[in-house]
$ cat input.pdb   # PDB, C-alpha atoms
ATOM      1  CA  MET X   1      21.790 -19.683  77.137
ATOM      2  CA  ARG X   2      19.942 -22.858  78.139
ATOM      3  CA  ILE X   3      17.521 -25.258  76.494
ATOM      4  CA  ILE X   4      14.236 -24.779  78.274
ATOM      5  CA  SER X   5      12.314 -28.017  77.881
ATOM      6  CA  GLY X   6      12.273 -31.506  76.430
ATOM      7  CA  THR X   7      14.940 -34.196  76.290
ATOM      8  CA  LEU X   8      17.752 -31.611  76.261
ATOM      9  CA  ARG X   9      16.295 -29.487  79.060
ATOM     10  CA  GLY X  10      18.917 -27.605  81.065
ATOM     11  CA  LYS X  11      21.737 -28.125  78.562
ATOM     12  CA  THR X  12      23.621 -24.915  77.861
ATOM     13  CA  ILE X  13      24.866 -23.396  74.642
ATOM     14  CA  THR X  14      27.713 -20.942  75.066
ATOM     15  CA  PRO X  15      28.673 -18.943  71.988
ATOM     16  CA  PRO X  16      31.974 -17.055  72.120
ATOM     17  CA  SER X  17      31.763 -13.598  73.725
ATOM     18  CA  SER X  18      32.389 -11.917  70.362
ATOM     19  CA  TYR X  19      29.578 -13.862  68.658
ATOM     20  CA  ASP X  20      27.765 -11.851  65.988
ATOM     21  CA  ALA X  21      24.123 -12.620  66.754
ATOM     22  CA  ARG X  22      21.279 -11.438  68.980
ATOM     23  CA  PRO X  23      19.758 -14.611  70.422
ATOM     24  CA  THR X  24      16.107 -14.698  71.430
ATOM     25  CA  THR X  25      15.993 -14.238  75.197
ATOM     26  CA  ASP X  26      15.286 -17.316  77.348
ATOM     27  CA  PHE X  27      12.113 -15.613  78.632
ATOM     28  CA  ALA X  28      10.756 -14.887  75.134
ATOM     29  CA  ARG X  29      11.773 -18.341  73.863
ATOM     30  CA  GLU X  30       9.976 -20.019  76.762
ATOM     31  CA  ALA X  31       6.841 -17.947  76.114
ATOM     32  CA  LEU X  32       6.946 -18.764  72.390
ATOM     33  CA  PHE X  33       7.190 -22.496  73.019
ATOM     34  CA  ASP X  34       4.400 -22.328  75.604
ATOM     35  CA  ILE X  35       2.154 -20.910  72.853
ATOM     36  CA  LEU X  36       3.278 -23.497  70.319
ATOM     37  CA  SER X  37       2.887 -26.439  72.705
ATOM     38  CA  ASN X  38      -0.824 -25.566  72.994
ATOM     39  CA  GLU X  39      -1.242 -25.583  69.213
ATOM     40  CA  TYR X  40       1.213 -28.155  67.848
ATOM     41  CA  GLU X  41       2.253 -31.707  68.431
ATOM     42  CA  PHE X  42       6.032 -31.337  68.102
ATOM     43  CA  GLU X  43       6.641 -35.024  67.427
ATOM     44  CA  GLY X  44       7.644 -35.488  63.803
ATOM     45  CA  LEU X  45       7.601 -31.805  62.777
ATOM     46  CA  CYS X  46       9.955 -30.539  60.076
ATOM     47  CA  VAL X  47      11.000 -26.980  60.904
ATOM     48  CA  LEU X  48      12.816 -24.252  58.996
ATOM     49  CA  ASP X  49      14.786 -21.852  61.213
ATOM     50  CA  LEU X  50      15.766 -18.739  59.229
ATOM     51  CA  PHE X  51      18.520 -16.369  60.445
ATOM     52  CA  SER X  52      19.453 -19.093  62.931
ATOM     53  CA  GLY X  53      22.095 -17.121  64.820
ATOM     54  CA  THR X  54      23.057 -19.493  67.646
ATOM     55  CA  GLY X  55      20.665 -22.272  66.595
ATOM     56  CA  ALA X  56      18.768 -22.047  69.908
ATOM     57  CA  ILE X  57      15.340 -22.262  68.251
ATOM     58  CA  SER X  58      16.360 -25.365  66.290
ATOM     59  CA  TYR X  59      17.686 -27.055  69.437
ATOM     60  CA  GLU X  60      14.415 -26.279  71.284
ATOM     61  CA  PHE X  61      12.324 -27.856  68.532
ATOM     62  CA  ILE X  62      14.490 -30.980  68.413
ATOM     63  CA  SER X  63      14.466 -31.224  72.215
ATOM     64  CA  ARG X  64      10.658 -31.311  72.106
ATOM     65  CA  GLY X  65      10.482 -34.045  69.476
ATOM     66  CA  ALA X  66      10.656 -32.336  66.075
ATOM     67  CA  GLU X  67      11.956 -34.764  63.474
ATOM     68  CA  HIS X  68      14.344 -32.354  61.764
ATOM     69  CA  CYS X  69      15.308 -28.684  61.667
ATOM     70  CA  TRP X  70      16.988 -26.860  58.819
ATOM     71  CA  ALA X  71      18.964 -23.913  60.200
ATOM     72  CA  VAL X  72      19.710 -21.245  57.592
ATOM     73  CA  GLU X  73      22.541 -18.914  58.602
ATOM     74  CA  MET X  74      24.680 -16.799  56.255
ATOM     75  CA  ASN X  75      27.538 -15.970  58.653
ATOM     76  CA  PRO X  76      30.127 -18.775  58.233
ATOM     77  CA  ARG X  77      31.325 -18.573  61.838
ATOM     78  CA  ASN X  78      27.758 -18.778  63.170
ATOM     79  CA  ALA X  79      26.877 -21.648  60.819
ATOM     80  CA  SER X  80      29.935 -23.567  62.030
ATOM     81  CA  PHE X  81      28.984 -22.927  65.668
ATOM     82  CA  ILE X  82      25.421 -24.234  65.099
ATOM     83  CA  SER X  83      26.749 -27.390  63.465
ATOM     84  CA  THR X  84      29.283 -28.015  66.252
ATOM     85  CA  ALA X  85      26.763 -27.280  69.024
ATOM     86  CA  ALA X  86      24.202 -29.664  67.476
ATOM     87  CA  LYS X  87      26.828 -32.427  67.340
ATOM     88  CA  ASN X  88      27.860 -31.733  70.948
ATOM     89  CA  LEU X  89      24.204 -31.983  72.008
ATOM     90  CA  GLY X  90      23.915 -35.339  70.229
ATOM     91  CA  ILE X  91      21.430 -34.051  67.637
ATOM     92  CA  GLY X  92      23.787 -33.398  64.734
ATOM     93  CA  ASP X  93      21.867 -35.851  62.543
ATOM     94  CA  ARG X  94      18.605 -33.921  63.102
ATOM     95  CA  VAL X  95      19.855 -30.379  62.475
ATOM     96  CA  SER X  96      20.941 -29.490  58.942
ATOM     97  CA  VAL X  97      22.881 -26.242  58.715
ATOM     98  CA  VAL X  98      22.516 -24.357  55.432
ATOM     99  CA  ARG X  99      24.997 -21.502  54.987
ATOM    100  CA  HIS X 100      23.087 -19.218  52.674
ATOM    101  CA  ASN X 101      21.436 -15.826  52.325
ATOM    102  CA  VAL X 102      17.854 -16.350  53.537
ATOM    103  CA  PHE X 103      16.184 -14.435  50.691
ATOM    104  CA  ASP X 104      18.142 -16.377  48.072
ATOM    105  CA  PHE X 105      17.557 -19.666  49.899
ATOM    106  CA  LEU X 106      13.781 -19.156  49.887
ATOM    107  CA  GLY X 107      13.838 -18.812  46.104
ATOM    108  CA  LEU X 108      15.788 -22.064  45.738
ATOM    109  CA  CYS X 109      14.106 -24.217  48.382
ATOM    110  CA  SER X 110      11.893 -26.998  47.015
ATOM    111  CA  ARG X 111      11.021 -28.561  50.395
ATOM    112  CA  LYS X 112       7.923 -27.770  52.477
ATOM    113  CA  PHE X 113       7.956 -27.406  56.246
ATOM    114  CA  ASP X 114       5.385 -27.733  59.007
ATOM    115  CA  LEU X 115       6.557 -24.527  60.635
ATOM    116  CA  VAL X 116       8.924 -21.704  59.662
ATOM    117  CA  PHE X 117      10.567 -19.405  62.211
ATOM    118  CA  ALA X 118      12.631 -16.312  61.377
ATOM    119  CA  ASP X 119      14.698 -14.142  63.722
ATOM    120  CA  PRO X 120      16.345 -11.602  61.402
ATOM    121  CA  PRO X 121      18.330  -8.606  62.601
ATOM    122  CA  TYR X 122      15.675  -6.096  63.669
ATOM    123  CA  ALA X 123      17.138  -3.425  61.349
ATOM    124  CA  LEU X 124      17.386  -5.787  58.350
ATOM    125  CA  SER X 125      16.691  -4.091  55.034
ATOM    126  CA  GLY X 126      13.658  -5.787  53.494
ATOM    127  CA  LEU X 127      12.372  -7.228  56.782
ATOM    128  CA  GLU X 128       8.836  -6.080  55.976
ATOM    129  CA  THR X 129       8.854  -8.203  52.785
ATOM    130  CA  LEU X 130       9.774 -11.439  54.560
ATOM    131  CA  PRO X 131       6.220 -12.755  55.177
ATOM    132  CA  ASP X 132       5.332 -12.298  51.507
ATOM    133  CA  ARG X 133       8.574 -13.974  50.405
ATOM    134  CA  VAL X 134       7.949 -16.979  52.643
ATOM    135  CA  PHE X 135       4.406 -17.486  51.339
ATOM    136  CA  GLU X 136       5.268 -16.749  47.705
ATOM    137  CA  CYS X 137       8.025 -19.370  47.803
ATOM    138  CA  ASP X 138       5.504 -21.927  49.080
ATOM    139  CA  VAL X 139       7.739 -23.480  51.754
ATOM    140  CA  ILE X 140       4.989 -24.077  54.359
ATOM    141  CA  HIS X 141       2.462 -26.897  54.406
ATOM    142  CA  PRO X 142      -1.166 -25.673  54.440
ATOM    143  CA  GLY X 143      -2.198 -24.716  57.965
ATOM    144  CA  GLY X 144       1.427 -24.228  59.039
ATOM    145  CA  TYR X 145       2.704 -21.196  60.887
ATOM    146  CA  PHE X 146       5.316 -18.684  59.857
ATOM    147  CA  ILE X 147       6.580 -16.914  62.988
ATOM    148  CA  LEU X 148       8.585 -13.722  62.622
ATOM    149  CA  GLU X 149      10.515 -12.260  65.530
ATOM    150  CA  HIS X 150      10.875  -8.478  65.267
ATOM    151  CA  GLY X 151      11.225  -5.307  67.286
ATOM    152  CA  PRO X 152       8.453  -3.015  68.550
ATOM    153  CA  ASP X 153       8.798  -0.582  65.624
ATOM    154  CA  LYS X 154       7.190  -3.005  63.132
ATOM    155  CA  SER X 155       3.590  -4.178  62.819
ATOM    156  CA  PHE X 156       2.325  -6.868  60.490
ATOM    157  CA  ALA X 157      -1.314  -6.785  61.631
ATOM    158  CA  GLY X 158      -2.462  -5.745  58.148
ATOM    159  CA  HIS X 159      -0.885  -8.733  56.381
ATOM    160  CA  ARG X 160      -3.425 -11.067  54.784
ATOM    161  CA  TYR X 161      -2.059 -14.137  56.593
ATOM    162  CA  PHE X 162      -1.481 -12.437  59.963
ATOM    163  CA  VAL X 163      -3.010 -14.342  62.903
ATOM    164  CA  LYS X 164      -1.691 -12.728  66.099
ATOM    165  CA  GLU X 165       1.183 -10.904  67.739
ATOM    166  CA  ARG X 166       2.725 -11.603  71.129
ATOM    167  CA  LYS X 167       5.011  -9.136  72.914
ATOM    168  CA  TYR X 168       7.677  -9.889  75.513
ATOM    169  CA  GLY X 169       9.477  -6.648  76.292
ATOM    170  CA  LYS X 170      11.208  -5.555  73.085
ATOM    171  CA  VAL X 171      10.760  -8.992  71.516
ATOM    172  CA  HIS X 172       7.659  -9.310  69.340
ATOM    173  CA  PHE X 173       6.461 -12.456  67.593
ATOM    174  CA  SER X 174       4.063 -12.116  64.665
ATOM    175  CA  PHE X 175       2.269 -15.309  63.664
ATOM    176  CA  PHE X 176       1.091 -15.937  60.121
ATOM    177  CA  GLU X 177      -0.790 -18.993  58.921
ATOM    178  CA  LYS X 178      -0.905 -20.488  55.476
ATOM    179  CA  PRO X 179      -4.555 -21.105  54.550
ATOM    180  CA  GLN X 180      -5.771 -24.687  54.693
ATOM    181  CA  ASP X 181      -5.658 -26.656  51.481
ATOM    182  CA  SER X 182      -9.236 -27.605  50.655
ATOM    183  CA  GLU X 183      -8.104 -31.136  49.766
ATOM    184  CA  SER X 184      -6.525 -31.855  53.145
ATOM    185  CA  GLY X 185      -7.966 -31.342  56.606
ATOM    186  CA  ASP X 186      -4.715 -32.190  58.395
ATOM    187  CA  ASP X 187      -2.815 -29.081  59.457
ATOM    188  CA  GLY X 188      -0.239 -30.751  61.727
ATOM    189  CA  LYS X 189      -1.552 -28.994  64.800
ATOM    190  CA  SER X 190      -2.771 -30.768  67.910
ATOM    191  CA  GLY X 191      -6.399 -31.473  68.494
ATOM    192  CA  GLU X 192      -7.209 -31.935  64.833
TER     193      GLU X 192
END
$ encode --input "input.pdb" --output "structure tokens"
Amino acid sequence: MRIISGTLRGKTITPPSSYDARPTTDFAREALFDILSNEYEFEGLCVLDLFSGTGAISYEFISRGAEHCWAVEMNPRNASFISTAAKNLGIGDRVSVVRHNVFDFLGLCSRKFDLVFADPPYALSGLETLPDRVFECDVIHPGGYFILEHGPDKSFAGHRYFVKERKYGKVHFSFFEKPQDSESGDDGKSGE
């Protein structure tokens, strides 16, 4: 697995062969960041990466200039790998690893983020409730995206905050946007 763009471009992350995670494919990750680069200025973003797995999404954001990423991963071995890999990449001070159950973490989190990404196991029980949980817990700044990676058997097109879906083989990304706060016109995206 390689970092696709930015200051860390070309650096590789090699989890052990028995690693218990399904990383987003390089092709899908590249496509996702192509979409985001047209809509966001990465510089200074604070990102929440849920079900972090290998941490690849966090590393990509930091490589492109995000200020900080919080990587939430329940598996202790995976959380340790993310922390070690971030240090080895020289970005350990910009990636905070939180070893916690995502659903419980959302209920406890008092911070707000510019963008939230989630890559849960595709067969996760309660996956369909994740968009509501994210918005109910108020962890996204107004105008910020929640991006959910999921398999082809799920559709979120009927969700009130759904914006679009992009498909790359069996990898689907559903984009949700928190409505703009009427008091603030700044949504953190480029061109605003």
$ residues_around --input "input.pdb" --residues "Asp49 of chain X" --least-positions-apart "4" --cutoff "9 Å" --atoms "only C-alpha atoms" --output "MDAnalysis selection string"
chainID X and resid 55 57:58 69:73 115:119
$ closest_residue --input "input.pdb" --among "X:Asp138, X:Asp93, X:Glu177, X:Asp34" --to "Lys164 of chain X" --atoms "all atoms listed in the file"
X:Glu177
$ resolve_selection --input "input.pdb" --expression "the PyMOL selection byres ((chain X and resi 107) around 10)" --output "list in words"
Val102, Phe103, Asp104, Phe105, Leu106, Leu108, Cys109, Ser110, Arg133, Val134, Glu136, Cys137, Asp138 and Val139 of chain X
$ residues_around --input "input.pdb" --residues "Leu89 of chain X" --least-positions-apart "3" --cutoff "10 Å" --atoms "all atoms listed in the file" --output "PyMOL selection string"
chain X and resi 8+11-13+59+63+84-86+92
$ atom_distance --input "input.pdb" --atom1 "atom CA of Pro15 of chain X" --atom2 "atom CA of Leu124 of chain X"
22.1 Å
$ atom_distance --input "input.pdb" --atom1 "atom CA of Leu32 of chain X" --atom2 "atom CA of Ile4 of chain X"
11.1 Å
$ residues_around --input "input.pdb" --residues "Arg94 of chain X" --least-positions-apart "2" --cutoff "8 Å" --atoms "only C-alpha atoms" --output "PyMOL selection string"
chain X and resi 62+67-69+91-92+96
$ closest_residue --input "input.pdb" --among "X:Ala56, X:Val47, X:Ala123, X:Ile3" --to "Phe146 of chain X" --atoms "only C-alpha atoms"
X:Val47
$ residues_around --input "input.pdb" --residues "Glu30 of chain X" --least-positions-apart "4" --cutoff "12 Å" --atoms "only C-alpha atoms" --output "PyMOL selection string"
chain X and resi 1-6+9+24-26+34-37+56-57+60-61+168
$ closest_residue --input "input.pdb" --among "X:Thr129, X:Thr54, X:Gln180, X:Ser174" --to "Ser155 of chain X" --atoms "all atoms listed in the file"
X:Ser174
$ atom_distance --input "input.pdb" --atom1 "atom CA of Arg160 of chain X" --atom2 "atom CA of Phe176 of chain X"
8.5 Å
$ closest_residue --input "input.pdb" --among "X:Arg77, X:Lys87, X:Lys178, X:Arg166" --to "Asp20 of chain X" --atoms "all atoms listed in the file"
X:Arg77
$ residues_near_point --input "input.pdb" --point "(10.7, -5.1, 72.0)" --cutoff "9 Å" --atoms "all atoms listed in the file" --output "ChimeraX atom specification"
/X:150-153,167-172
$ closest_residue --input "input.pdb" --among "X:Cys46, X:Val95, X:Ala157, X:Ala31" --to "Tyr145 of chain X" --atoms "all atoms listed in the file"
X:Cys46
$ resolve_selection --input "input.pdb" --expression "the PyMOL selection byres ((chain X and resi 100) around 6)" --output "list in words"
Glu73, Met74, Val98, Arg99 and Asn101 of chain X
$ closest_residue --input "input.pdb" --among "X:Phe173, X:Phe33, X:Tyr161, X:Tyr19" --to "Tyr122 of chain X" --atoms "only C-alpha atoms"
X:Phe173
$ decode --input "input.pdb" --residues "segment 23-96 of chain X" --atoms "C-alpha atoms" --output "PDB file, in the first residue's frame"
ATOM      1  CA  PRO X  23      -7.824  -1.332   3.457  1.00  0.00           C
ATOM      2  CA  THR X  24      -9.388   0.925   0.847  1.00  0.00           C
ATOM      3  CA  THR X  25      -7.800   0.024  -2.482  1.00  0.00           C
ATOM      4  CA  ASP X  26      -5.180   2.411  -3.911  1.00  0.00           C
ATOM      5  CA  PHE X  27      -7.442   2.980  -6.941  1.00  0.00           C
ATOM      6  CA  ALA X  28     -10.494   3.905  -4.836  1.00  0.00           C
ATOM      7  CA  ARG X  29      -8.394   6.030  -2.458  1.00  0.00           C
ATOM      8  CA  GLU X  30      -6.902   7.954  -5.378  1.00  0.00           C
ATOM      9  CA  ALA X  31     -10.368   8.549  -6.852  1.00  0.00           C
ATOM     10  CA  LEU X  32     -11.715   9.714  -3.480  1.00  0.00           C
ATOM     11  CA  PHE X  33      -8.914  12.228  -3.011  1.00  0.00           C
ATOM     12  CA  ASP X  34      -9.320  13.473  -6.586  1.00  0.00           C
ATOM     13  CA  ILE X  35     -12.941  14.332  -5.706  1.00  0.00           C
ATOM     14  CA  LEU X  36     -11.971  15.955  -2.418  1.00  0.00           C
ATOM     15  CA  SER X  37      -9.129  17.996  -3.922  1.00  0.00           C
ATOM     16  CA  ASN X  38     -11.700  19.699  -6.184  1.00  0.00           C
ATOM     17  CA  GLU X  39     -13.883  20.616  -3.207  1.00  0.00           C
ATOM     18  CA  TYR X  40     -11.541  21.171  -0.255  1.00  0.00           C
ATOM     19  CA  GLU X  41      -8.410  23.044   0.598  1.00  0.00           C
ATOM     20  CA  PHE X  42      -6.597  20.379   2.634  1.00  0.00           C
ATOM     21  CA  GLU X  43      -4.283  22.842   4.366  1.00  0.00           C
ATOM     22  CA  GLY X  44      -5.274  23.146   8.010  1.00  0.00           C
ATOM     23  CA  LEU X  45      -8.132  20.606   7.984  1.00  0.00           C
ATOM     24  CA  CYS X  46      -8.937  18.595  11.107  1.00  0.00           C
ATOM     25  CA  VAL X  47     -10.125  15.133  10.084  1.00  0.00           C
ATOM     26  CA  LEU X  48     -11.752  12.249  11.933  1.00  0.00           C
ATOM     27  CA  ASP X  49     -10.955   8.816  10.468  1.00  0.00           C
ATOM     28  CA  LEU X  50     -13.352   6.200  11.882  1.00  0.00           C
ATOM     29  CA  PHE X  51     -12.594   2.451  11.648  1.00  0.00           C
ATOM     30  CA  SER X  52      -9.062   3.457  10.656  1.00  0.00           C
ATOM     31  CA  GLY X  53      -7.774  -0.035   9.896  1.00  0.00           C
ATOM     32  CA  THR X  54      -4.270   0.633   8.549  1.00  0.00           C
ATOM     33  CA  GLY X  55      -4.475   4.423   8.917  1.00  0.00           C
ATOM     34  CA  ALA X  56      -4.018   4.927   5.154  1.00  0.00           C
ATOM     35  CA  ILE X  57      -6.746   7.582   4.921  1.00  0.00           C
ATOM     36  CA  SER X  58      -5.218   9.560   7.798  1.00  0.00           C
ATOM     37  CA  TYR X  59      -1.762   9.432   6.199  1.00  0.00           C
ATOM     38  CA  GLU X  60      -3.211  10.660   2.866  1.00  0.00           C
ATOM     39  CA  PHE X  61      -4.868  13.648   4.528  1.00  0.00           C
ATOM     40  CA  ILE X  62      -1.707  14.591   6.420  1.00  0.00           C
ATOM     41  CA  SER X  63       0.391  14.150   3.272  1.00  0.00           C
ATOM     42  CA  ARG X  64      -1.840  16.696   1.523  1.00  0.00           C
ATOM     43  CA  GLY X  65      -1.590  19.286   4.291  1.00  0.00           C
ATOM     44  CA  ALA X  66      -4.311  18.472   6.831  1.00  0.00           C
ATOM     45  CA  GLU X  67      -3.371  19.874  10.223  1.00  0.00           C
ATOM     46  CA  HIS X  68      -4.361  16.824  12.259  1.00  0.00           C
ATOM     47  CA  CYS X  69      -6.143  13.486  11.949  1.00  0.00           C
ATOM     48  CA  TRP X  70      -7.768  11.520  14.733  1.00  0.00           C
ATOM     49  CA  ALA X  71      -7.742   7.818  13.845  1.00  0.00           C
ATOM     50  CA  VAL X  72     -10.318   5.788  15.774  1.00  0.00           C
ATOM     51  CA  GLU X  73      -9.598   2.053  15.760  1.00  0.00           C
ATOM     52  CA  MET X  74     -10.878  -0.510  18.279  1.00  0.00           C
ATOM     53  CA  ASN X  75      -8.486  -3.377  17.467  1.00  0.00           C
ATOM     54  CA  PRO X  76      -5.432  -2.894  19.744  1.00  0.00           C
ATOM     55  CA  ARG X  77      -2.998  -4.425  17.253  1.00  0.00           C
ATOM     56  CA  ASN X  78      -4.272  -2.188  14.439  1.00  0.00           C
ATOM     57  CA  ALA X  79      -4.205   0.911  16.659  1.00  0.00           C
ATOM     58  CA  SER X  80      -0.590   0.157  17.587  1.00  0.00           C
ATOM     59  CA  PHE X  81       0.329  -0.314  13.915  1.00  0.00           C
ATOM     60  CA  ILE X  82      -1.234   3.059  12.959  1.00  0.00           C
ATOM     61  CA  SER X  83       0.676   4.821  15.724  1.00  0.00           C
ATOM     62  CA  THR X  84       3.987   3.180  14.766  1.00  0.00           C
ATOM     63  CA  ALA X  85       3.481   3.797  11.033  1.00  0.00           C
ATOM     64  CA  ALA X  86       2.674   7.487  11.644  1.00  0.00           C
ATOM     65  CA  LYS X  87       5.870   7.868  13.691  1.00  0.00           C
ATOM     66  CA  ASN X  88       7.901   6.078  11.000  1.00  0.00           C
ATOM     67  CA  LEU X  89       6.462   8.451   8.382  1.00  0.00           C
ATOM     68  CA  GLY X  90       7.475  11.433  10.525  1.00  0.00           C
ATOM     69  CA  ILE X  91       3.878  12.517  11.186  1.00  0.00           C
ATOM     70  CA  GLY X  92       3.353  10.994  14.623  1.00  0.00           C
ATOM     71  CA  ASP X  93       2.632  14.429  16.103  1.00  0.00           C
ATOM     72  CA  ARG X  94      -0.197  15.009  13.586  1.00  0.00           C
ATOM     73  CA  VAL X  95      -2.003  11.671  13.890  1.00  0.00           C
ATOM     74  CA  SER X  96      -3.745  10.899  17.180  1.00  0.00           C
TER      75      SER X  96
END
